[in-house]
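Text of the file final_27.csv, holding CSV, C-alpha atoms and all ligand atoms:
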chain,number,residue,atom,x,y,z
A,1,MET,CA,6.2,-147.1,65.9
A,2,GLU,CA,3.0,-148.3,64.2
A,3,THR,CA,3.2,-150.5,61.1
A,4,VAL,CA,1.5,-149.5,57.9
A,5,VAL,CA,1.0,-151.5,54.8
A,6,SER,CA,-0.5,-150.5,51.4
A,7,GLY,CA,-0.5,-152.1,48.0
A,8,ILE,CA,-0.2,-150.2,44.7
A,9,ARG,CA,-2.0,-151.7,41.7
A,10,PRO,CA,0.3,-151.9,38.7
A,11,THR,CA,-2.3,-150.6,36.3
A,12,GLY,CA,-1.6,-147.6,34.1
A,13,ASN,CA,0.1,-144.3,34.9
A,14,LEU,CA,-0.5,-142.1,37.9
A,15,HIS,CA,-2.8,-139.1,37.4
A,16,LEU,CA,-3.3,-136.1,39.6
A,17,GLY,CA,-6.2,-137.9,41.3
A,18,ASN,CA,-3.9,-140.7,42.4
A,19,TYR,CA,-1.3,-138.1,43.5
A,20,PHE,CA,-3.5,-136.0,45.7
A,21,GLY,CA,-5.8,-138.8,46.8
A,22,ALA,CA,-3.2,-141.5,47.7
A,23,VAL,CA,0.5,-141.0,46.9
A,24,ARG,CA,0.8,-137.8,48.7
A,25,ASN,CA,-0.5,-139.5,51.9
A,26,PHE,CA,2.1,-142.3,51.5
A,27,ILE,CA,4.8,-139.7,51.2
A,28,LYS,CA,3.7,-137.9,54.4
A,29,MET,CA,3.1,-141.1,56.3
A,30,GLN,CA,6.5,-142.7,55.6
A,31,HIS,CA,8.0,-140.3,58.1
A,32,ASP,CA,5.6,-141.2,60.9
A,33,ALA,CA,5.2,-144.9,60.7
A,34,ASN,CA,7.0,-148.1,59.8
A,35,CYS,CA,5.7,-148.2,56.2
A,36,TYR,CA,5.6,-151.1,53.8
A,37,PHE,CA,4.5,-150.2,50.3
A,38,PHE,CA,4.5,-152.8,47.5
A,39,VAL,CA,3.5,-153.1,43.9
A,40,ALA,CA,0.7,-155.7,43.8
A,41,ASP,CA,1.8,-157.8,40.9
A,42,TYR,CA,0.4,-161.1,42.2
A,43,HIS,CA,-3.0,-159.4,42.5
A,44,SER,CA,-2.8,-158.1,38.9
A,45,LEU,CA,-2.6,-161.7,37.6
A,46,THR,CA,-6.3,-162.1,38.2
A,47,THR,CA,-6.8,-160.3,34.9
A,48,HIS,CA,-4.0,-162.1,33.0
A,49,PRO,CA,-1.6,-159.4,31.9
A,50,HIS,CA,0.7,-160.4,29.1
A,51,PRO,CA,4.1,-161.8,30.4
A,52,ASP,CA,6.0,-159.4,28.1
A,53,ASN,CA,4.3,-156.4,29.8
A,54,LEU,CA,4.2,-157.2,33.5
A,55,ASN,CA,7.8,-156.4,34.3
A,56,ALA,CA,7.7,-153.1,32.5
A,57,THR,CA,4.5,-152.0,34.1
A,58,VAL,CA,5.8,-152.8,37.6
A,59,LYS,CA,9.0,-150.8,36.8
A,60,GLN,CA,7.0,-147.8,35.6
A,61,VAL,CA,4.8,-147.9,38.7
A,62,LEU,CA,7.9,-148.0,40.9
A,63,ALA,CA,9.5,-145.1,38.9
A,64,GLU,CA,6.4,-143.0,39.2
A,65,ASN,CA,6.0,-143.5,43.0
A,66,LEU,CA,9.6,-142.9,43.6
A,67,ALA,CA,9.5,-139.7,41.6
A,68,CYS,CA,6.6,-138.5,43.7
A,69,GLY,CA,8.8,-138.8,46.8
A,70,LEU,CA,8.5,-142.3,48.2
A,71,ASP,CA,11.9,-142.6,49.8
A,72,PRO,CA,13.2,-146.2,49.7
A,73,GLU,CA,15.7,-145.4,52.5
A,74,ILE,CA,12.8,-144.4,54.8
A,75,CYS,CA,10.0,-146.7,53.9
A,76,THR,CA,10.1,-150.3,52.5
A,77,LEU,CA,9.2,-150.3,48.9
A,78,TYR,CA,9.0,-153.7,47.3
A,79,VAL,CA,7.4,-155.9,44.7
A,80,GLN,CA,4.8,-158.3,46.1
A,81,SER,CA,6.2,-161.3,44.3
A,82,ASP,CA,9.6,-160.7,45.9
A,83,LEU,CA,8.1,-161.7,49.2
A,84,PRO,CA,6.8,-165.2,48.4
A,85,GLU,CA,6.1,-165.6,52.1
A,86,THR,CA,2.9,-163.7,51.3
A,87,ALA,CA,1.8,-166.5,49.0
A,88,GLU,CA,2.3,-169.1,51.8
A,89,LEU,CA,0.4,-166.9,54.3
A,90,TYR,CA,-2.3,-166.6,51.7
A,91,LEU,CA,-2.6,-170.4,51.5
A,92,LEU,CA,-2.8,-170.7,55.3
A,93,LEU,CA,-5.4,-167.9,55.6
A,94,ASN,CA,-7.5,-169.5,52.8
A,95,MET,CA,-8.4,-172.2,55.4
A,96,LEU,CA,-10.0,-169.5,57.5
A,97,ALA,CA,-11.9,-167.8,54.6
A,98,TYR,CA,-15.4,-168.9,53.9
A,99,THR,CA,-16.4,-169.1,50.2
A,100,GLY,CA,-19.9,-167.8,50.9
A,101,GLU,CA,-18.5,-164.7,52.6
A,102,LEU,CA,-16.1,-164.2,49.6
A,103,GLU,CA,-18.9,-164.6,47.1
A,104,ARG,CA,-20.8,-161.7,48.9
A,105,SER,CA,-17.8,-159.3,48.4
A,106,VAL,CA,-19.0,-156.2,46.6
A,107,SER,CA,-15.9,-155.9,44.5
A,108,PHE,CA,-16.1,-159.7,43.5
A,109,LYS,CA,-19.7,-159.2,42.5
A,110,GLU,CA,-18.8,-156.2,40.4
A,111,LYS,CA,-15.8,-157.9,38.8
A,112,ILE,CA,-17.9,-160.9,37.7
A,113,ARG,CA,-20.6,-158.6,36.4
A,114,LYS,CA,-18.1,-156.7,34.3
A,115,ASP,CA,-16.2,-159.8,33.1
A,116,PRO,CA,-18.4,-162.9,33.4
A,117,ASP,CA,-15.9,-165.0,31.3
A,118,ASN,CA,-13.1,-164.7,33.8
A,119,VAL,CA,-14.5,-165.8,37.1
A,120,ASN,CA,-11.3,-167.4,38.5
A,121,ALA,CA,-10.6,-168.5,42.1
A,122,GLY,CA,-7.9,-165.8,42.4
A,123,LEU,CA,-10.5,-163.2,41.9
A,124,LEU,CA,-12.7,-164.8,44.5
A,125,THR,CA,-9.9,-165.0,47.0
A,126,TYR,CA,-8.5,-161.5,46.2
A,127,PRO,CA,-9.4,-160.3,49.8
A,128,VAL,CA,-7.5,-163.3,51.3
A,129,LEU,CA,-4.3,-162.3,49.4
A,130,MET,CA,-4.8,-158.7,50.5
A,131,ALA,CA,-5.1,-159.9,54.1
A,132,ALA,CA,-1.9,-161.8,53.7
A,133,ASP,CA,-0.2,-158.6,52.4
A,134,ILE,CA,-1.3,-156.8,55.6
A,135,LEU,CA,-0.8,-159.6,58.1
A,136,ILE,CA,2.6,-160.7,56.8
A,137,HIS,CA,3.9,-157.4,58.4
A,138,LYS,CA,1.4,-157.4,61.3
A,139,ALA,CA,0.2,-154.0,60.2
A,140,ALA,CA,-2.2,-151.9,62.3
A,141,LYS,CA,-3.1,-149.3,59.7
A,142,VAL,CA,-3.9,-149.6,56.0
A,143,PRO,CA,-4.1,-146.4,54.0
A,144,VAL,CA,-6.8,-147.2,51.4
A,145,GLY,CA,-9.9,-145.6,49.9
A,146,LYS,CA,-13.5,-146.4,50.8
A,147,ASP,CA,-13.8,-149.1,48.2
A,148,GLN,CA,-11.3,-151.3,50.1
A,149,GLU,CA,-13.2,-151.0,53.5
A,150,GLN,CA,-14.9,-154.4,53.0
A,151,HIS,CA,-11.6,-156.1,52.3
A,152,LEU,CA,-10.3,-154.9,55.6
A,153,GLU,CA,-13.3,-156.2,57.3
A,154,TYR,CA,-12.5,-159.6,55.9
A,155,THR,CA,-8.9,-159.3,57.2
A,156,ARG,CA,-10.2,-158.5,60.6
A,157,ASN,CA,-12.4,-161.7,60.4
A,158,TYR,CA,-9.4,-163.8,59.6
A,159,VAL,CA,-7.4,-162.2,62.4
A,160,ASN,CA,-10.2,-163.1,64.9
A,161,ARG,CA,-10.7,-166.6,63.5
A,162,PHE,CA,-6.9,-167.3,63.6
A,163,ASN,CA,-6.5,-166.0,67.2
A,164,TYR,CA,-9.6,-167.9,68.3
A,165,LEU,CA,-8.8,-171.2,66.6
A,166,TYR,CA,-5.3,-171.3,68.0
A,167,GLY,CA,-6.0,-169.7,71.3
A,168,VAL,CA,-3.5,-166.9,70.8
A,169,GLU,CA,-3.4,-163.1,70.6
A,170,TYR,CA,-1.0,-163.2,67.7
A,171,PHE,CA,-2.6,-160.9,65.0
A,172,GLN,CA,-4.1,-157.5,65.7
A,173,GLU,CA,-7.1,-156.1,63.7
A,174,PRO,CA,-6.0,-153.6,61.0
A,175,PHE,CA,-8.0,-150.5,60.2
A,176,ALA,CA,-8.3,-148.3,57.2
A,177,TYR,CA,-6.6,-145.0,57.6
A,178,ASN,CA,-6.4,-141.5,56.0
A,179,PHE,CA,-3.5,-139.4,56.7
A,180,GLY,CA,-4.6,-136.1,58.3
A,181,GLY,CA,-8.2,-137.4,58.1
A,182,GLN,CA,-9.2,-135.3,55.1
A,183,LEU,CA,-10.0,-137.1,51.9
A,184,VAL,CA,-9.4,-135.2,48.7
A,185,LYS,CA,-11.5,-136.0,45.7
A,186,VAL,CA,-9.8,-134.7,42.6
A,187,PRO,CA,-12.4,-134.0,39.8
A,188,GLY,CA,-11.8,-134.9,36.2
A,189,LEU,CA,-12.0,-132.5,33.2
A,190,ASP,CA,-15.2,-133.9,31.7
A,191,GLY,CA,-17.5,-131.8,33.9
A,192,SER,CA,-18.8,-134.7,35.9
A,193,GLY,CA,-17.2,-137.1,38.4
A,194,LYS,CA,-13.7,-137.8,39.6
A,195,MET,CA,-10.5,-138.0,37.7
A,196,GLY,CA,-9.8,-141.6,36.8
A,197,LYS,CA,-7.9,-143.5,34.2
A,198,SER,CA,-10.8,-145.5,33.1
A,199,GLU,CA,-13.0,-142.5,32.5
A,200,ALA,CA,-13.3,-140.8,29.1
A,201,GLU,CA,-10.1,-139.9,27.1
A,202,GLY,CA,-8.8,-136.6,28.2
A,203,ASN,CA,-10.5,-136.7,31.6
A,204,ALA,CA,-7.3,-137.4,33.6
A,205,ILE,CA,-4.0,-135.5,33.6
A,206,PHE,CA,-1.2,-138.0,34.1
A,207,LEU,CA,2.0,-137.2,35.8
A,208,ILE,CA,3.9,-138.1,32.7
A,209,ASP,CA,1.9,-135.7,30.4
A,210,GLU,CA,4.0,-133.3,28.4
A,211,PRO,CA,3.0,-129.5,28.5
A,212,GLU,CA,1.3,-129.7,25.1
A,213,VAL,CA,-0.8,-132.6,26.2
A,214,ILE,CA,-1.8,-130.9,29.5
A,215,LYS,CA,-2.7,-127.8,27.6
A,216,LYS,CA,-4.8,-129.7,25.0
A,217,LYS,CA,-6.7,-131.6,27.8
A,218,VAL,CA,-7.3,-128.5,29.9
A,219,MET,CA,-8.4,-126.3,27.0
A,220,ARG,CA,-11.0,-129.0,26.1
A,221,ALA,CA,-12.4,-129.2,29.6
A,222,VAL,CA,-16.1,-128.8,29.9
A,223,THR,CA,-17.4,-125.3,30.9
A,224,ASP,CA,-20.7,-123.4,30.7
A,225,SER,CA,-21.6,-120.2,28.9
A,226,GLY,CA,-20.4,-118.1,31.7
A,227,PRO,CA,-22.1,-116.3,34.7
A,228,THR,CA,-24.8,-113.8,33.9
A,229,HIS,CA,-25.3,-112.3,37.3
A,230,MET,CA,-23.1,-111.3,40.3
A,231,ASN,CA,-22.1,-114.1,42.7
A,232,GLN,CA,-23.9,-116.7,40.7
A,233,PRO,CA,-23.4,-120.3,42.1
A,234,LYS,CA,-21.1,-122.3,40.0
A,235,GLU,CA,-22.0,-125.2,37.7
A,236,VAL,CA,-20.3,-128.5,38.7
A,237,ALA,CA,-17.9,-128.3,35.7
A,238,ILE,CA,-16.8,-124.8,36.7
A,239,GLU,CA,-16.5,-125.8,40.4
A,240,ASN,CA,-14.3,-128.6,39.2
A,241,LEU,CA,-11.9,-126.3,37.4
A,242,PHE,CA,-11.7,-124.1,40.5
A,243,THR,CA,-11.0,-127.2,42.6
A,244,LEU,CA,-8.1,-128.1,40.3
A,245,LEU,CA,-6.8,-124.5,40.4
A,246,LYS,CA,-6.8,-124.6,44.2
A,247,LEU,CA,-4.6,-127.7,44.1
A,248,VAL,CA,-1.9,-126.4,41.8
A,249,SER,CA,-2.1,-122.5,41.8
A,250,THR,CA,-1.3,-119.8,44.3
A,251,THR,CA,-4.0,-118.4,46.5
A,252,GLU,CA,-3.7,-115.1,44.7
A,253,THR,CA,-4.4,-116.8,41.3
A,254,VAL,CA,-7.4,-118.5,42.8
A,255,ALA,CA,-8.7,-115.3,44.3
A,256,HIS,CA,-8.2,-113.4,41.0
A,257,PHE,CA,-10.4,-115.8,39.1
A,258,GLU,CA,-13.0,-116.0,41.9
A,259,THR,CA,-13.3,-112.2,41.6
A,260,LEU,CA,-13.6,-112.3,37.9
A,261,TYR,CA,-16.2,-115.1,38.1
A,262,ASN,CA,-18.2,-113.2,40.7
A,263,ASN,CA,-18.3,-110.0,38.7
A,264,CYS,CA,-19.1,-111.8,35.5
A,265,THR,CA,-16.0,-110.8,33.6
A,266,ILE,CA,-14.3,-114.2,33.7
A,267,ARG,CA,-13.0,-115.5,30.4
A,268,TYR,CA,-12.7,-119.3,30.8
A,269,GLY,CA,-10.0,-119.5,28.1
A,270,ASP,CA,-7.7,-117.3,30.3
A,271,MET,CA,-8.5,-119.4,33.4
A,272,LYS,CA,-7.8,-122.6,31.5
A,273,LYS,CA,-4.5,-121.3,30.2
A,274,GLN,CA,-3.4,-120.4,33.7
A,275,LEU,CA,-4.6,-123.8,35.0
A,276,ALA,CA,-2.7,-125.6,32.3
A,277,ASP,CA,0.5,-123.6,33.0
A,278,ASP,CA,0.2,-124.2,36.8
A,279,ILE,CA,-0.5,-127.9,36.3
A,280,ASN,CA,2.6,-128.0,34.2
A,281,ILE,CA,4.7,-126.1,36.8
A,282,PHE,CA,3.5,-128.6,39.4
A,283,ILE,CA,4.0,-131.7,37.3
A,284,ALA,CA,7.2,-130.8,35.4
A,285,PRO,CA,9.7,-131.7,38.1
A,286,ILE,CA,7.9,-135.0,38.8
A,287,ARG,CA,7.7,-135.8,35.1
A,288,GLU,CA,11.4,-135.2,34.6
A,289,LYS,CA,12.2,-137.3,37.6
A,290,ILE,CA,10.0,-140.2,36.4
A,291,LYS,CA,11.9,-140.2,33.1
A,292,ALA,CA,15.3,-140.1,34.9
A,293,ILE,CA,14.4,-142.9,37.3
A,294,ALA,CA,12.7,-145.1,34.6
A,295,ALA,CA,15.9,-144.8,32.5
A,296,ASP,CA,18.1,-145.7,35.5
A,297,GLU,CA,17.9,-149.5,35.5
A,298,LYS,CA,20.6,-149.8,38.1
A,299,TYR,CA,18.9,-147.5,40.6
A,300,ILE,CA,15.6,-149.3,40.2
A,301,ASN,CA,17.2,-152.7,40.7
A,302,LYS,CA,19.0,-151.4,43.8
A,303,VAL,CA,15.7,-150.1,45.3
A,304,VAL,CA,13.8,-153.3,44.5
A,305,LYS,CA,16.6,-155.4,46.0
A,306,MET,CA,16.8,-153.3,49.2
A,307,GLY,CA,13.0,-153.4,49.5
A,308,ALA,CA,12.8,-157.2,49.0
A,309,GLU,CA,15.5,-157.7,51.7
A,310,LYS,CA,13.7,-155.4,54.2
A,311,ALA,CA,10.3,-157.0,53.4
A,312,ARG,CA,11.7,-160.5,53.8
A,313,GLN,CA,13.1,-159.8,57.2
A,314,SER,CA,9.7,-158.9,58.5
A,315,GLY,CA,7.8,-161.5,56.4
A,316,ARG,CA,10.0,-164.5,57.3
A,317,LYS,CA,9.7,-163.7,61.0
A,318,THR,CA,5.9,-163.6,60.8
A,319,LEU,CA,5.6,-166.7,58.7
A,320,ALA,CA,7.9,-168.7,61.0
A,321,GLU,CA,5.8,-167.7,64.0
A,322,VAL,CA,2.5,-168.5,62.1
A,323,ARG,CA,3.8,-172.0,61.0
A,324,ASN,CA,4.8,-172.7,64.6
A,325,ILE,CA,1.4,-171.6,66.0
A,326,ILE,CA,-0.4,-173.8,63.4
A,327,GLY,CA,1.8,-176.7,64.2
A,328,ILE,CA,3.9,-176.9,61.0
A,329,ARG,CA,7.2,-177.8,62.5
A,330,SER,CA,10.1,-179.0,60.4
A,331,PHE,CA,11.5,-182.5,61.0
A,332,PHE,CA,15.0,-181.6,60.0
A,401,LIG,P1,-8.4,-144.9,39.0
A,401,LIG,O1,-9.7,-144.4,39.5
A,401,LIG,O2,-7.8,-144.0,38.0
A,401,LIG,O3,-8.6,-146.4,38.4
A,401,LIG,P2,-7.3,-146.3,41.2
A,401,LIG,O4,-8.6,-146.8,41.5
A,401,LIG,O5,-6.2,-147.2,40.7
A,401,LIG,O6,-7.5,-145.1,40.2
A,401,LIG,O7,-6.8,-145.5,42.5
A,401,LIG,C1,-5.6,-145.6,43.1
A,401,LIG,C2,-5.6,-144.7,44.4
A,401,LIG,O8,-5.8,-143.4,44.0
A,401,LIG,C3,-6.8,-145.1,45.3
A,401,LIG,O9,-6.3,-144.9,46.7
A,401,LIG,C4,-7.8,-144.0,45.0
A,401,LIG,O10,-8.6,-143.7,46.1
A,401,LIG,C5,-7.0,-142.8,44.6
A,401,LIG,N1,-7.7,-142.0,43.6
A,401,LIG,C6,-7.9,-142.3,42.3
A,401,LIG,N2,-8.6,-141.3,41.7
A,401,LIG,C7,-8.8,-140.3,42.6
A,401,LIG,C8,-9.4,-139.0,42.5
A,401,LIG,N3,-9.9,-138.5,41.4
A,401,LIG,N4,-9.4,-138.3,43.7
A,401,LIG,C9,-8.8,-138.7,44.8
A,401,LIG,N5,-8.2,-139.9,44.9
A,401,LIG,C10,-8.2,-140.7,43.8
A,402,LIG,N1,-6.7,-153.9,46.7
A,402,LIG,C1,-5.9,-152.6,46.7
A,402,LIG,C2,-6.5,-151.7,45.6
A,402,LIG,O1,-7.2,-152.2,44.7
A,402,LIG,C3,-4.5,-152.9,46.5
A,402,LIG,C4,-3.9,-153.8,47.6
A,402,LIG,C5,-3.5,-155.1,47.4
A,402,LIG,C6,-3.8,-153.4,48.9
A,402,LIG,N2,-3.1,-155.5,48.6
A,402,LIG,C7,-3.2,-154.6,49.6
A,402,LIG,C8,-4.0,-152.3,49.6
A,402,LIG,C9,-2.9,-154.5,50.9
A,402,LIG,C10,-3.7,-152.2,51.0
A,402,LIG,C11,-3.2,-153.4,51.6
A,402,LIG,O2,-6.2,-150.5,45.6
Let me see whether you can do it: turn the structure in this file into structure tokens.
Ligand code: ADP
Ligand code: TRP
Amino acid sequence: METVVSGIRPTGNLHLGNYFGAVRNFIKMQHDANCYFFVADYHSLTTHPHPDNLNATVKQVLAENLACGLDPEICTLYVQSDLPETAELYLLLNMLAYTGELERSVSFKEKIRKDPDNVNAGLLTYPVLMAADILIHKAAKVPVGKDQEQHLEYTRNYVNRFNYLYGVEYFQEPFAYNFGGQLVKVPGLDGSGKMGKSEAEGNAIFLIDEPEVIKKKVMRAVTDSGPTHMNQPKEVAIENLFTLLKLVSTTETVAHFETLYNNCTIRYGDMKKQLADDINIFIAPIREKIKAIAADEKYINKVVKMGAEKARQSGRKTLAEVRNIIGIRSFF
């Protein structure tokens, strides 16, 4: 079975975009591959989260992903810092990473542009740590979005440099991967781009949103003044609402509103009400599960411990082999 690794950033709550764009893929994939999913808490230190918040954020991210259907009995779900072997592999890979190459990374350049007062070395070597995450389990596939493509290219460079330098065929090149091949882009409610947590307030529907909150956000979604002639092409904002409807409503509901739009009798208020109801029907069981899991300290602790043990089994083996190849051999 192929090995798959992916990291989950511990930043904020999951929204519908995360669910349909990423988490749903993880859930499907866990049945078909040997999957390692981890919460990237080491990575998050590049932006200096407050020590009082880090643990709670990691816990919430775990609860939300578990509630969506990640099964810790099937995949390996762990916290990155529970596998410190990753940090040692990161150190070793740093010797194969060229600073010039890292400085040319698109995400590094963007990060230093956005926050010029915090250009730390951890930020520069972010792709090396990511390579360590992937190579510690010798993964072949990495389910990530387009923005992570360059990081994987760096990982492949380190693989080739390592194998060449030590004259081995130890690591294999990992590649980005989309389950089923189709990428879903979930639009936001502001009438423009994608749903995202850093977009304008109210643009994203979070999996923890209560019915009233969902309703308020959807009712405020951007629309136009309505179609004036039969089969009029839709404005982006309207197309977005239909895209969301298609994700959460039945095909009959979608067809119903398509017909009303095409014969110019649609009332956006009715459609939004239906959309809010259907989003709530979709989210409600996940939301309740998030609350239940987040409140069950014992369960989360058990999951994290089990994940750490499984991850360490794989990680320790890789690190021992890598140390041996490099020539780090213990004297005692
Ligand atoms: P955000 O854009 O809210 O900051 P992240 O960048 O943390 O979200 O995304 C985490 C994962 O969710 C990534 O794999 C990303 O591709 C996916 N994702 C985020 N927003 C969307 C969206 N609107 N549609 C589809 N996938 C998305
Ligand atoms: N960089 C990824 C992101 O921003 C998260 C991540 C960290 C990751 N380590 C990884 C993803 C290893 C895949 C494999 O989304």
Could the residues that lie within 9 Å of ligand LIG 402 (chain A), counting all atoms listed in the file, be listed as a PyMOL selection string? chain A and resi 4-9+37-43+80+126-127+129-134+142-145+147-148+151-152+176
Could you work out how far CA of Lys217 in chain A lies from CA of Asn13 in chain A, giving the answer in Å with one decimal?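 Spanning CA of Asn13 in chain A to CA of Lys217 in chain A is a straight-line distance of 16.1 Å.
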Neighbouring residues of Asn240 in chain A were defined as those with any atom within 12 Å, considering only C-alpha atoms; residues of the same chain fewer than 2 positions away were excluded. Please report them as a ChimeraX atom specification. /A:185-195,203,218,221-224,234-238,242-247,272,275
What's the 8 Å shell around Pro72 in chain A, counting only C-alpha atoms, without same-chain residues fewer than 6 positions away, as a PyMOL selection string? chain A and resi 66+303+306-307
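Distance check against Asp296 in chain A using all atoms listed in the file: of A:Lys59, A:His15, A:Arg156, A:His31, the minimum falls on A:Lys59.
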Nearest residue to ligand LIG 401 (chain A) out of A:Ser81, A:Asn55, A:Ser198, A:Thr99, using only C-alpha atoms and all ligand atoms?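 Closest residue, counting only C-alpha atoms and all ligand atoms: A:Ser198.
You can rank A:Arg24, A:Ala63, A:Glu88, A:Arg323 by their closest distance to Tyr299 in chain A using only C-alpha atoms, and at the top of that list sits A:Ala63.
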Would you mind telling me which residue in A:Asn18, A:Thr3, A:Asn53, A:Asn160 lies nearest to ligand LIG 401 (chain A) when using all atoms listed in the file?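 Of A:Asn18, A:Thr3, A:Asn53, A:Asn160, the one nearest ligand LIG 401 (chain A) is A:Asn18, counting all atoms listed in the file.
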Complete the atom set of range 250-264 of chain A to N, CA, C and O atoms and return it as a PDB file, keeping the file's coordinate frame.
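The resulting file, out_6.pdb, is shown below:
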ATOM      1  N   THR A 250      -1.427-120.617  43.101  1.00  0.00           N
ATOM      2  CA  THR A 250      -1.300-119.800  44.300  1.00  0.00           C
ATOM      3  C   THR A 250      -2.645-119.322  44.774  1.00  0.00           C
ATOM      4  O   THR A 250      -3.582-119.252  43.966  1.00  0.00           O
ATOM      5  N   THR A 251      -2.749-118.923  46.042  1.00  0.00           N
ATOM      6  CA  THR A 251      -4.000-118.400  46.500  1.00  0.00           C
ATOM      7  C   THR A 251      -4.401-117.112  45.817  1.00  0.00           C
ATOM      8  O   THR A 251      -5.580-116.846  45.591  1.00  0.00           O
ATOM      9  N   GLU A 252      -3.393-116.339  45.397  1.00  0.00           N
ATOM     10  CA  GLU A 252      -3.700-115.100  44.700  1.00  0.00           C
ATOM     11  C   GLU A 252      -4.346-115.400  43.323  1.00  0.00           C
ATOM     12  O   GLU A 252      -5.306-114.741  42.932  1.00  0.00           O
ATOM     13  N   THR A 253      -3.822-116.388  42.638  1.00  0.00           N
ATOM     14  CA  THR A 253      -4.400-116.800  41.300  1.00  0.00           C
ATOM     15  C   THR A 253      -5.847-117.212  41.514  1.00  0.00           C
ATOM     16  O   THR A 253      -6.734-116.802  40.756  1.00  0.00           O
ATOM     17  N   VAL A 254      -6.081-118.046  42.522  1.00  0.00           N
ATOM     18  CA  VAL A 254      -7.400-118.500  42.800  1.00  0.00           C
ATOM     19  C   VAL A 254      -8.360-117.353  43.056  1.00  0.00           C
ATOM     20  O   VAL A 254      -9.438-117.217  42.466  1.00  0.00           O
ATOM     21  N   ALA A 255      -7.904-116.453  43.940  1.00  0.00           N
ATOM     22  CA  ALA A 255      -8.700-115.300  44.300  1.00  0.00           C
ATOM     23  C   ALA A 255      -9.013-114.414  43.113  1.00  0.00           C
ATOM     24  O   ALA A 255     -10.130-113.911  42.941  1.00  0.00           O
ATOM     25  N   HIS A 256      -8.011-114.252  42.256  1.00  0.00           N
ATOM     26  CA  HIS A 256      -8.200-113.400  41.000  1.00  0.00           C
ATOM     27  C   HIS A 256      -9.314-113.969  40.187  1.00  0.00           C
ATOM     28  O   HIS A 256     -10.212-113.211  39.805  1.00  0.00           O
ATOM     29  N   PHE A 257      -9.314-115.275  39.915  1.00  0.00           N
ATOM     30  CA  PHE A 257     -10.400-115.800  39.100  1.00  0.00           C
ATOM     31  C   PHE A 257     -11.726-115.910  39.773  1.00  0.00           C
ATOM     32  O   PHE A 257     -12.766-115.781  39.131  1.00  0.00           O
ATOM     33  N   GLU A 258     -11.701-116.074  41.095  1.00  0.00           N
ATOM     34  CA  GLU A 258     -13.000-116.000  41.900  1.00  0.00           C
ATOM     35  C   GLU A 258     -13.619-114.666  41.668  1.00  0.00           C
ATOM     36  O   GLU A 258     -14.823-114.558  41.424  1.00  0.00           O
ATOM     37  N   THR A 259     -12.797-113.607  41.792  1.00  0.00           N
ATOM     38  CA  THR A 259     -13.300-112.200  41.600  1.00  0.00           C
ATOM     39  C   THR A 259     -13.902-112.040  40.252  1.00  0.00           C
ATOM     40  O   THR A 259     -15.015-111.526  40.098  1.00  0.00           O
ATOM     41  N   LEU A 260     -13.147-112.484  39.231  1.00  0.00           N
ATOM     42  CA  LEU A 260     -13.600-112.300  37.900  1.00  0.00           C
ATOM     43  C   LEU A 260     -14.935-113.092  37.635  1.00  0.00           C
ATOM     44  O   LEU A 260     -15.834-112.609  36.953  1.00  0.00           O
ATOM     45  N   TYR A 261     -15.015-114.286  38.250  1.00  0.00           N
ATOM     46  CA  TYR A 261     -16.200-115.100  38.100  1.00  0.00           C
ATOM     47  C   TYR A 261     -17.405-114.313  38.753  1.00  0.00           C
ATOM     48  O   TYR A 261     -18.475-114.134  38.158  1.00  0.00           O
ATOM     49  N   ASN A 262     -17.159-113.852  39.978  1.00  0.00           N
ATOM     50  CA  ASN A 262     -18.200-113.200  40.700  1.00  0.00           C
ATOM     51  C   ASN A 262     -18.734-111.908  40.109  1.00  0.00           C
ATOM     52  O   ASN A 262     -19.887-111.550  40.268  1.00  0.00           O
ATOM     53  N   ASN A 263     -17.826-111.193  39.386  1.00  0.00           N
ATOM     54  CA  ASN A 263     -18.300-110.000  38.700  1.00  0.00           C
ATOM     55  C   ASN A 263     -18.589-110.170  37.238  1.00  0.00           C
ATOM     56  O   ASN A 263     -18.689-109.207  36.485  1.00  0.00           O
ATOM     57  N   CYS A 264     -18.701-111.439  36.855  1.00  0.00           N
ATOM     58  CA  CYS A 264     -19.100-111.800  35.500  1.00  0.00           C
ATOM     59  C   CYS A 264     -18.169-111.389  34.373  1.00  0.00           C
ATOM     60  O   CYS A 264     -18.599-111.266  33.228  1.00  0.00           O
TER      61      CYS A 264
END
